[in-house]
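A.B. asks: Have a look at this one before I ask anything.
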Amino acid sequence: MRARSLVATALALSFASAVAFADEAEEPRRVAPVHARHETTLEQCLAAAEANYPKVHESMAQLERMRAQLLEAQTAPYSGFTAWAGVALAPTVAGTAIYSPNTDATITSSMALAWQAGISGAIPLWTFGKITAAREAATAQVKVGEHATRKAKNEVRLTVRQAYYGVLLARDGQALLDEALARVEKYEPPLEEKVKAGDGDEIQLLKLKIQHAELQARKSEAMKQERIALAGLRFVTGLGPGLEVPNHPLRRVRHVLGPLAQYLTAARLFRPEINMARAGVLARRAQVELERARFFPDLALALSASRSYAPEVADQLNPFVRDEANYVRYAAGLVMSWSLDFLPRAARLAQAEAQLEEIRATERYALGGVGVEVETAYAEAEDAEKRLDAYTTAVRYAKQWLVKVQQGIDVGTYEDEDIVDPAKEYALKRFLQMSATLDYDMALAKLSLATGWDAVNPGE
């Protein structure tokens with residue numbers, strides 16, 4: 001990060017110019033924000049991002065569409081019924097099929113309202129697996145959507161952590177810069193007085209003024225980085241300007257790294273991309289079964305019922321006379337439907353089998369690629385943990401060195417200039433410790449994303 005190198009340079013400049021170091025070296029002093037906003041923890045930010053981030057809403061909408069498709073696949077086979085109805089004016093028509101006193105004129109002075117209504121359809125009895133395969137494909141598609149939603153949430157969680165940790169690091173950097181500025185401003189006036197009196201080094205005074213201006217510029221950049229990270233966090237969480245990150249130092253995530261095999265196993269169980277590929281294999285396999293089943297006919301129970309009534313039309317009671325004006329009809333029977341387009345269906349089956357092999361290859365690729373991601377994130381976490389432990393030890397030794405030199409200056413065994421090196425080393429090692437903390441926390445965040453296992457990097 002560019003801000004990290006800027007702050008480190010500033011710290012080196014400030015503490016290299018210091019000629020005394022009176023205060024105890026502890027955590028950077030933090031100043032509470034002057035504006036009143038609601039402080040939101042990392043856990044709350046993660047929950048808000050999952051609830052509000054547009055990409056998560058997009059994946060959830062896609063999941064709802066897939067669930068609706070599953071409902072369609074479950075109900076469509078038993079919903080193949082059609083109903084119709086109509087009303088019209090019918091003229092007076094009397095007589096039988098042999099004789100009628102009326103002419104063939106359809107419009108007469110005497111007409112009455114006639115109506116017809118009916119329903120017909122079929123209930124599948126045996127489809128050779130078509131219904132089952134369609135349901136399995138739709139169910140697998142829903143699983144794909146569920147894991148896609150989990151993938152979107154995992155990605156936004158990583159983004160939240162990056163922004164949240166970035167805000168904390170920028171504030172820690174500002175705190176160190178404030179300490180550095182305070183020390184420079186403390187020694188600048190006495191040095192000016194010495195120069196005016198002819199006892200001081202004017203070159204050293206100029207260097208101190210230059211470093212003072214440099215520190216102010218670096219602080220401005222650190223403040224800019226904080227604002228950028230905070231703006232991104234507010235957008236991702238959807239909480240807007242009211243969000244404020246608690247004013248505490250960046251801390252090490254409380255997770256002890258286990259063996260690599262533990263995380264590889266977790267990735268096979270929890271990683272959304274792997275589970276999406278597995279569900280995709282199930283969906284394509286069901287599609288192949290569906291295409292095979294379509295080579296066979298469908299057996300169904302056909303049902304129909306209809307009623308027609310025209311009061312001005314004579315009802316024909318002879319069963320051998322078809323009466324379209326007055327009737328009550330109903331029927332039930334076994335029917336068969338069979339599409340004989342075998343060659344196109346063979347081509348569609350070949351396409352489905354090819355798509356199945358394609359998704360199987362994708363599954364193998366996902367397993368291998370995820371394994372590489374897990375090992376990479378694990379290696380980064382191990383490295384960051386070792387660096388953090390080493391820099392923590394270095395900070396402790398630098399502080400001891402600084403205290404001893406300070407005590408030596410107080411009793412006269414060291415000169416004031418001897419404080420420069422330990423002060424500089426402490427400042428640099430303290431910031432390296434802060435940077436290693438960020439690296440470790442982000443490495444665990446990446447490991448959590450690579451494994452799909454939230455326990456690796458919880459909210460706090």
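Each chain in the structure tokens gets a letter, A, B and so on, in the order shown; residues start at 1 in every chain, and ligands are counted from 1 in the order they appear.
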Quick one: pick out all strand (DSSP E) residues within stretch 235-456 of chain A from a backbone DSSP run and write them as a list in words.

C.D. replies: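 Listing strand (DSSP E) positions across stretch 235-456 of chain A yields Leu243, Glu244, Asp298, Leu299, Ala300, Leu301, Ala302, Leu303, Ser304, Ala305, Ser306, Arg307, Ser308, Tyr309, Tyr327, Val328, Arg329, Tyr330, Ala331, Ala332, Gly333, Leu334, Val335, Met336 and Ser337 of chain A.
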
A.B. asks: Within 7 Å of stretch 435-440 of chain A, counting only C-alpha atoms, which residues qualify if same-chain residues fewer than 4 places away don't, as number ranges by chain?

C.D. replies: A: 165, 251-252, 381, 384-385, 387-388, 431, 444

A.B. asks: Restricted to N, CA, C and O atoms, what would the selected residues look like written as an mmCIF file, in the first residue's frame?

C.D. replies:
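Writing done, so here's part.cif:
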```cif
data_model
loop_
_atom_site.group_PDB
_atom_site.id
_atom_site.type_symbol
_atom_site.label_atom_id
_atom_site.label_comp_id
_atom_site.auth_asym_id
_atom_site.auth_seq_id
_atom_site.Cartn_x
_atom_site.Cartn_y
_atom_site.Cartn_z
ATOM 1 N N TYR A 165 -10.084 -2.541 7.872
ATOM 2 C CA TYR A 165 -8.696 -2.557 8.341
ATOM 3 C C TYR A 165 -7.923 -1.360 7.795
ATOM 4 O O TYR A 165 -7.024 -0.831 8.460
ATOM 5 N N ARG A 251 -5.985 -4.491 15.498
ATOM 6 C CA ARG A 251 -5.576 -5.618 16.326
ATOM 7 C C ARG A 251 -5.416 -6.883 15.488
ATOM 8 O O ARG A 251 -5.985 -6.998 14.407
ATOM 9 N N ARG A 252 -4.666 -7.788 16.043
ATOM 10 C CA ARG A 252 -4.477 -9.088 15.402
ATOM 11 C C ARG A 252 -5.743 -9.927 15.542
ATOM 12 O O ARG A 252 -6.346 -9.997 16.613
ATOM 13 N N ALA A 381 -0.472 -16.181 5.148
ATOM 14 C CA ALA A 381 -0.819 -16.064 6.561
ATOM 15 C C ALA A 381 0.349 -16.506 7.445
ATOM 16 O O ALA A 381 0.651 -15.859 8.460
ATOM 17 N N ALA A 384 2.992 -13.763 7.276
ATOM 18 C CA ALA A 384 2.580 -12.576 8.026
ATOM 19 C C ALA A 384 2.630 -12.834 9.528
ATOM 20 O O ALA A 384 3.009 -11.954 10.310
ATOM 21 N N GLU A 385 2.275 -14.044 9.947
ATOM 22 C CA GLU A 385 2.316 -14.373 11.374
ATOM 23 C C GLU A 385 3.750 -14.345 11.895
ATOM 24 O O GLU A 385 4.021 -13.787 12.972
ATOM 25 N N ARG A 387 6.290 -12.685 10.562
ATOM 26 C CA ARG A 387 6.774 -11.303 10.556
ATOM 27 C C ARG A 387 6.178 -10.510 11.716
ATOM 28 O O ARG A 387 6.862 -9.694 12.342
ATOM 29 N N LEU A 388 4.896 -10.755 11.998
ATOM 30 C CA LEU A 388 4.261 -10.039 13.100
ATOM 31 C C LEU A 388 4.911 -10.406 14.428
ATOM 32 O O LEU A 388 5.196 -9.521 15.256
ATOM 33 N N PHE A 431 5.880 0.777 13.273
ATOM 34 C CA PHE A 431 5.023 0.817 12.094
ATOM 35 C C PHE A 431 5.084 -0.494 11.312
ATOM 36 O O PHE A 431 4.084 -0.934 10.751
ATOM 37 N N LEU A 444 -5.651 -13.773 6.649
ATOM 38 C CA LEU A 444 -6.708 -14.628 7.174
ATOM 39 C C LEU A 444 -8.031 -14.358 6.458
ATOM 40 O O LEU A 444 -8.827 -15.284 6.250
#
```

A.B. asks: Counting only C-alpha atoms, which of A:Leu290, A:Ala231, A:Ile119, A:Ala443 gets nearest to A:Ala134?

C.D. replies: A:Leu290

A.B. asks: From the set A:Ala450, A:Ala455, A:Ile123, A:Ala68, which residue has the shortest atom-to-atom contact distance to A:Ala332, counting only C-alpha atoms?

C.D. replies: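 For A:Ala332, the nearest of the candidates is A:Ile123.
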
A.B. asks: Which neighbours of A:Lys130 fall inside 12 Å, counting only C-alpha atoms, when residues of the same chain fewer than 4 positions from it are skipped, and could you give them as a list in words?

C.D. replies: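 Close residues of A:Lys130: Ala73, Gln74, Ala76, Pro77, Pro124, Leu125, Trp126, Ala134, Arg135, Glu136, Ala137, Ala286, Gln287, Val288, Glu289, Leu290, Glu291, Arg292, Ala293, Arg294, Phe295, Phe296, Pro297, Asp298 and Leu299 of chain A.
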
A.B. asks: Go ahead and save the residues from that selection, with N, CA and C atoms, as a PDB file, in the first residue's frame.

C.D. replies:
```pdb
ATOM      1  N   ALA A  73     -41.161 -26.579 -12.502  1.00  0.00           N
ATOM      2  CA  ALA A  73     -40.866 -27.960 -12.876  1.00  0.00           C
ATOM      3  C   ALA A  73     -41.702 -28.954 -12.056  1.00  0.00           C
ATOM      4  N   GLN A  74     -42.018 -28.601 -10.817  1.00  0.00           N
ATOM      5  CA  GLN A  74     -42.803 -29.496  -9.971  1.00  0.00           C
ATOM      6  C   GLN A  74     -44.283 -29.498 -10.330  1.00  0.00           C
ATOM      7  N   ALA A  76     -45.751 -28.036 -13.388  1.00  0.00           N
ATOM      8  CA  ALA A  76     -46.126 -27.981 -14.811  1.00  0.00           C
ATOM      9  C   ALA A  76     -46.693 -29.301 -15.344  1.00  0.00           C
ATOM     10  N   PRO A  77     -46.098 -30.472 -15.013  1.00  0.00           N
ATOM     11  CA  PRO A  77     -46.638 -31.713 -15.590  1.00  0.00           C
ATOM     12  C   PRO A  77     -48.096 -31.984 -15.220  1.00  0.00           C
ATOM     13  N   PRO A 124     -50.199 -36.902 -16.360  1.00  0.00           N
ATOM     14  CA  PRO A 124     -49.200 -37.902 -16.746  1.00  0.00           C
ATOM     15  C   PRO A 124     -49.170 -39.065 -15.761  1.00  0.00           C
ATOM     16  N   LEU A 125     -49.106 -40.259 -16.312  1.00  0.00           N
ATOM     17  CA  LEU A 125     -49.013 -41.462 -15.495  1.00  0.00           C
ATOM     18  C   LEU A 125     -47.618 -42.070 -15.535  1.00  0.00           C
ATOM     19  N   TRP A 126     -47.027 -42.079 -16.721  1.00  0.00           N
ATOM     20  CA  TRP A 126     -45.689 -42.675 -16.866  1.00  0.00           C
ATOM     21  C   TRP A 126     -44.963 -41.935 -17.978  1.00  0.00           C
ATOM     22  N   ALA A 134     -36.473 -33.605 -14.762  1.00  0.00           N
ATOM     23  CA  ALA A 134     -36.688 -32.158 -14.776  1.00  0.00           C
ATOM     24  C   ALA A 134     -36.644 -31.591 -13.360  1.00  0.00           C
ATOM     25  N   ARG A 135     -37.225 -32.299 -12.405  1.00  0.00           N
ATOM     26  CA  ARG A 135     -37.181 -31.830 -11.024  1.00  0.00           C
ATOM     27  C   ARG A 135     -35.753 -31.824 -10.482  1.00  0.00           C
ATOM     28  N   GLU A 136     -35.016 -32.891 -10.762  1.00  0.00           N
ATOM     29  CA  GLU A 136     -33.634 -32.956 -10.262  1.00  0.00           C
ATOM     30  C   GLU A 136     -32.780 -31.851 -10.864  1.00  0.00           C
ATOM     31  N   ALA A 137     -32.972 -31.563 -12.135  1.00  0.00           N
ATOM     32  CA  ALA A 137     -32.208 -30.484 -12.773  1.00  0.00           C
ATOM     33  C   ALA A 137     -32.549 -29.136 -12.136  1.00  0.00           C
ATOM     34  N   ALA A 286     -28.861 -34.707 -14.745  1.00  0.00           N
ATOM     35  CA  ALA A 286     -30.311 -34.805 -14.853  1.00  0.00           C
ATOM     36  C   ALA A 286     -30.778 -34.403 -16.249  1.00  0.00           C
ATOM     37  N   GLN A 287     -30.090 -33.429 -16.857  1.00  0.00           N
ATOM     38  CA  GLN A 287     -30.448 -33.023 -18.215  1.00  0.00           C
ATOM     39  C   GLN A 287     -30.200 -34.154 -19.212  1.00  0.00           C
ATOM     40  N   VAL A 288     -29.112 -34.894 -19.018  1.00  0.00           N
ATOM     41  CA  VAL A 288     -28.834 -36.041 -19.880  1.00  0.00           C
ATOM     42  C   VAL A 288     -29.935 -37.086 -19.730  1.00  0.00           C
ATOM     43  N   GLU A 289     -30.325 -37.370 -18.488  1.00  0.00           N
ATOM     44  CA  GLU A 289     -31.399 -38.333 -18.262  1.00  0.00           C
ATOM     45  C   GLU A 289     -32.707 -37.868 -18.894  1.00  0.00           C
ATOM     46  N   LEU A 290     -32.950 -36.575 -18.849  1.00  0.00           N
ATOM     47  CA  LEU A 290     -34.163 -36.035 -19.459  1.00  0.00           C
ATOM     48  C   LEU A 290     -34.166 -36.239 -20.973  1.00  0.00           C
ATOM     49  N   GLU A 291     -33.018 -35.976 -21.605  1.00  0.00           N
ATOM     50  CA  GLU A 291     -32.938 -36.156 -23.056  1.00  0.00           C
ATOM     51  C   GLU A 291     -33.088 -37.623 -23.440  1.00  0.00           C
ATOM     52  N   ARG A 292     -32.566 -38.514 -22.631  1.00  0.00           N
ATOM     53  CA  ARG A 292     -32.738 -39.940 -22.917  1.00  0.00           C
ATOM     54  C   ARG A 292     -34.198 -40.360 -22.767  1.00  0.00           C
ATOM     55  N   ALA A 293     -34.849 -39.827 -21.736  1.00  0.00           N
ATOM     56  CA  ALA A 293     -36.241 -40.196 -21.501  1.00  0.00           C
ATOM     57  C   ALA A 293     -37.151 -39.707 -22.629  1.00  0.00           C
ATOM     58  N   ARG A 294     -36.741 -38.655 -23.325  1.00  0.00           N
ATOM     59  CA  ARG A 294     -37.578 -38.125 -24.394  1.00  0.00           C
ATOM     60  C   ARG A 294     -37.622 -39.022 -25.636  1.00  0.00           C
ATOM     61  N   PHE A 295     -36.804 -40.045 -25.676  1.00  0.00           N
ATOM     62  CA  PHE A 295     -36.917 -41.029 -26.749  1.00  0.00           C
ATOM     63  C   PHE A 295     -38.157 -41.906 -26.575  1.00  0.00           C
ATOM     64  N   PHE A 296     -38.755 -41.908 -25.403  1.00  0.00           N
ATOM     65  CA  PHE A 296     -39.884 -42.782 -25.104  1.00  0.00           C
ATOM     66  C   PHE A 296     -41.176 -41.966 -25.034  1.00  0.00           C
ATOM     67  N   PRO A 297     -42.337 -42.630 -25.190  1.00  0.00           N
ATOM     68  CA  PRO A 297     -43.606 -41.906 -25.184  1.00  0.00           C
ATOM     69  C   PRO A 297     -44.026 -41.524 -23.775  1.00  0.00           C
ATOM     70  N   ASP A 298     -45.056 -40.677 -23.723  1.00  0.00           N
ATOM     71  CA  ASP A 298     -45.676 -40.304 -22.456  1.00  0.00           C
ATOM     72  C   ASP A 298     -47.048 -40.955 -22.377  1.00  0.00           C
ATOM     73  N   LEU A 299     -47.336 -41.588 -21.259  1.00  0.00           N
ATOM     74  CA  LEU A 299     -48.656 -42.169 -21.004  1.00  0.00           C
ATOM     75  C   LEU A 299     -49.362 -41.291 -19.987  1.00  0.00           C
TER      76      LEU A 299
END
```

A.B. asks: Could you give me, as a PyMOL selection string, the residues within 8 Å of A:Ala366, counting only C-alpha atoms and dropping anything in the same chain fewer than 6 positions from it?

C.D. replies: chain A and resi 273-274+277

A.B. asks: Please compute the atom CA of A:Ala267-atom CA of A:Val372 distance, one decimal, in Å.

C.D. replies: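 These two atoms are separated by 10.8 Å.
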
A.B. asks: Please identify all polymer residues within 6 Å of A:Ala90, counting only C-alpha atoms, omitting same-chain residues fewer than 5 positions from it, and present them as a short mmCIF file (atom, residue, chain, number, x, y, z; two decimals) with C-alpha atoms, in the first residue's frame.

C.D. replies:
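The result, written out as out_14.cif:
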```
data_model
loop_
_atom_site.label_atom_id
_atom_site.label_comp_id
_atom_site.auth_asym_id
_atom_site.auth_seq_id
_atom_site.Cartn_x
_atom_site.Cartn_y
_atom_site.Cartn_z
CA MET A 111 -82.91 -14.65 -30.51
CA ALA A 112 -81.70 -15.66 -27.05
CA ALA A 114 -76.52 -19.13 -25.52
#
```

A.B. asks: Could you please determine the separation between atom CA of A:Lys224 and atom CA of A:Glu380 in Å, to one decimal place?

C.D. replies: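 Value for the atom CA of A:Lys224-atom CA of A:Glu380 distance: 27.8 Å.
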
A.B. asks: If we count only C-alpha atoms, what is near stretch 309-312 of chain A at a cut-off of 10 Å, once residues fewer than 6 positions away on the same chain are taken out, given as a list in words?

C.D. replies: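 Neighbouring residues, sequence-local ones excluded: Val87, Ala88, Leu89, Ala90, Pro91, Thr92, Val93, Ala94, Ser110, Met111, Ala112, Leu113, Ala114, Trp115, Gln116, Ala117, Glu324, Ala325, Asn326, Tyr327 and Val328 of chain A.
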
A.B. asks: From the options A:Ser220, A:Val335, A:Arg285, A:Glu50, which residue's atoms come nearest to A:Leu349, counting only C-alpha atoms?

C.D. replies: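 The answer is A:Arg285, which sits nearest to A:Leu349.
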
A.B. asks: Mind checking which residues fall within 12 Å of A:Gly240, counting only C-alpha atoms, ignoring those fewer than 2 positions away in the same chain, and posting them as a ChimeraX atom specification?

C.D. replies: /A:37-38,40,45,48-49,52-53,230-238,242-244
